[in-house]
Amino acid sequence: MTKIGVLGAGTWGMALARMLCVSGHEVTVWSAIEREIDEFSTTRRHPNLPGMIIPEQLQFTKDMQQVCQDKEILLFAVPSPFVRATARKAAPYIKDGQIIVDVAKGIEADTLYTMSQIIADEIKDPTVKIVALSGPTHAEEVALDVPTACLSACEDKRLAEFVQDAFMADNFRIYTSPDIVGAELG
């Protein structure tokens with residue numbers, strides 16, 4: 001069992017959080033939109049993932065420190081325009097050597113940074129390890145356990161394999177690659 005904090009409660013963040021929780025991990029989800037946390041905690045449903053039921057074991061928080069504290073993996077699942085602000089808000093609570101998995105794609109217009117580069121720029125801790133998780137996946141399918149595949153990309157093969165092991169599920173196959181830039185842009 002891995003302790004995982006999920007930053008972002010959109011469809012992708014919640015589909016992955018549910019999948020990770022069902023796979024036996026201890027998962028806590030944070031959202032910048034506090035009413036989402038109240039709604040998900042009460043209804044155990046996501047309005048944009050109508051067939052998905054949120055497991056009772058999945059925890060929610062409105063507290064950035066709580067979602068970051070004592071987690072083996074932090075999953076950044078916010079839309080790309082909000083990655084910088086979220087990383088800045090999380091930075092004070094991120095421990096040395098923290099593993100961060102980013103699932104947002106894109107390039108920041110002003111800097112031309114990828115999402116992992118933005119996270120590194122805001123965290124400013126060279127010991128933090130960032131992995132890109134990307135693939136031809138859809139939140140709506142992952143939420144319903146439709147088989148799919150993804151790529152765990154990091155120059156550090158052992159780290160890519162650690163994330164592969166943590167995210168692998170019966171219906172969620174993970175491959176590894178050293179090409180983090182390619183994964184983020186592809």
# chains A, B, ... in the order shown; residues from 1 in each chain; ligands from 1
call {"tool": "closest_atom_pairs", "arguments": {"of": "range 83-134 of chain A", "to": "range 151-154 of chain A", "cutoff": "12 Å", "atoms": "only C-alpha atoms", "output": "JSON lines"}}
result
{"residue": "A:Ile99", "atom": "CA", "partner": "A:Cys154", "partner_atom": "CA", "distance": 11.1}
{"residue": "A:Ile100", "atom": "CA", "partner": "A:Cys154", "partner_atom": "CA", "distance": 10.9}
{"residue": "A:Val101", "atom": "CA", "partner": "A:Ser152", "partner_atom": "CA", "distance": 8.7}
{"residue": "A:Asp102", "atom": "CA", "partner": "A:Ser152", "partner_atom": "CA", "distance": 9.8}
{"residue": "A:Val103", "atom": "CA", "partner": "A:Ser152", "partner_atom": "CA", "distance": 9.9}
{"residue": "A:Ser116", "atom": "CA", "partner": "A:Cys154", "partner_atom": "CA", "distance": 10.2}
{"residue": "A:Lys129", "atom": "CA", "partner": "A:Cys154", "partner_atom": "CA", "distance": 8.8}
{"residue": "A:Ile130", "atom": "CA", "partner": "A:Cys154", "partner_atom": "CA", "distance": 7.1}
{"residue": "A:Val131", "atom": "CA", "partner": "A:Cys154", "partner_atom": "CA", "distance": 5.1}
{"residue": "A:Ala132", "atom": "CA", "partner": "A:Ala153", "partner_atom": "CA", "distance": 5.1}
{"residue": "A:Leu133", "atom": "CA", "partner": "A:Ser152", "partner_atom": "CA", "distance": 4.8}
{"residue": "A:Ser134", "atom": "CA", "partner": "A:Leu151", "partner_atom": "CA", "distance": 5.2}
call {"tool": "residues_around", "arguments": {"residues": "range 15-21 of chain A", "least_positions_apart": "4", "cutoff": "10 Å", "atoms": "only C-alpha atoms", "output": "JSON, numbers by chain"}}
result
{"A": [1, 2, 3, 4, 5, 6, 7, 8, 9, 10, 11, 25, 26, 27, 28, 29, 46, 49, 52, 53, 54, 55, 56, 57, 58, 59, 75, 77, 103, 138, 139, 140, 141, 142, 143, 144, 145, 166, 167, 168, 169, 170, 171, 172]}
call {"tool": "closest_residue", "arguments": {"among": "A:Ile118, A:Ile94, A:Ile123, A:Ala149", "to": "Gly106 in chain A", "atoms": "only C-alpha atoms"}}
result
A:Ile118
call {"tool": "residues_around", "arguments": {"residues": "range 86-93 of chain A", "least_positions_apart": "6", "cutoff": "8 Å", "atoms": "only C-alpha atoms", "output": "list in words"}}
result
Leu7, Met64, Gln65, Cys68, Gln69, Val78, Ile118, Ile119, Glu122 and Ile123 of chain A
call {"tool": "write_last_selection", "arguments": {"atoms": "C-alpha atoms", "output": "mmCIF file, in the first residue's frame"}}
result
data_model
loop_
_atom_site.group_PDB
_atom_site.id
_atom_site.type_symbol
_atom_site.label_atom_id
_atom_site.label_comp_id
_atom_site.auth_asym_id
_atom_site.auth_seq_id
_atom_site.Cartn_x
_atom_site.Cartn_y
_atom_site.Cartn_z
ATOM 1 C CA LEU A 7 -3.899 17.476 -6.178
ATOM 2 C CA MET A 64 -2.926 21.567 0.988
ATOM 3 C CA GLN A 65 -0.583 20.603 3.822
ATOM 4 C CA CYS A 68 1.104 16.652 0.787
ATOM 5 C CA GLN A 69 2.165 15.466 4.230
ATOM 6 C CA VAL A 78 -4.785 19.895 -12.170
ATOM 7 C CA ILE A 118 6.996 24.209 -14.208
ATOM 8 C CA ILE A 119 6.685 22.003 -11.124
ATOM 9 C CA GLU A 122 8.165 26.273 -8.412
ATOM 10 C CA ILE A 123 9.298 23.574 -5.972
#
call {"tool": "select_by_dssp", "arguments": {"residues": "range 28-128 of chain A", "states": "helix (DSSP H, G or I)", "output": "PyMOL selection string"}}
result
chain A and resi 34-43+64-68+80-93+115-123
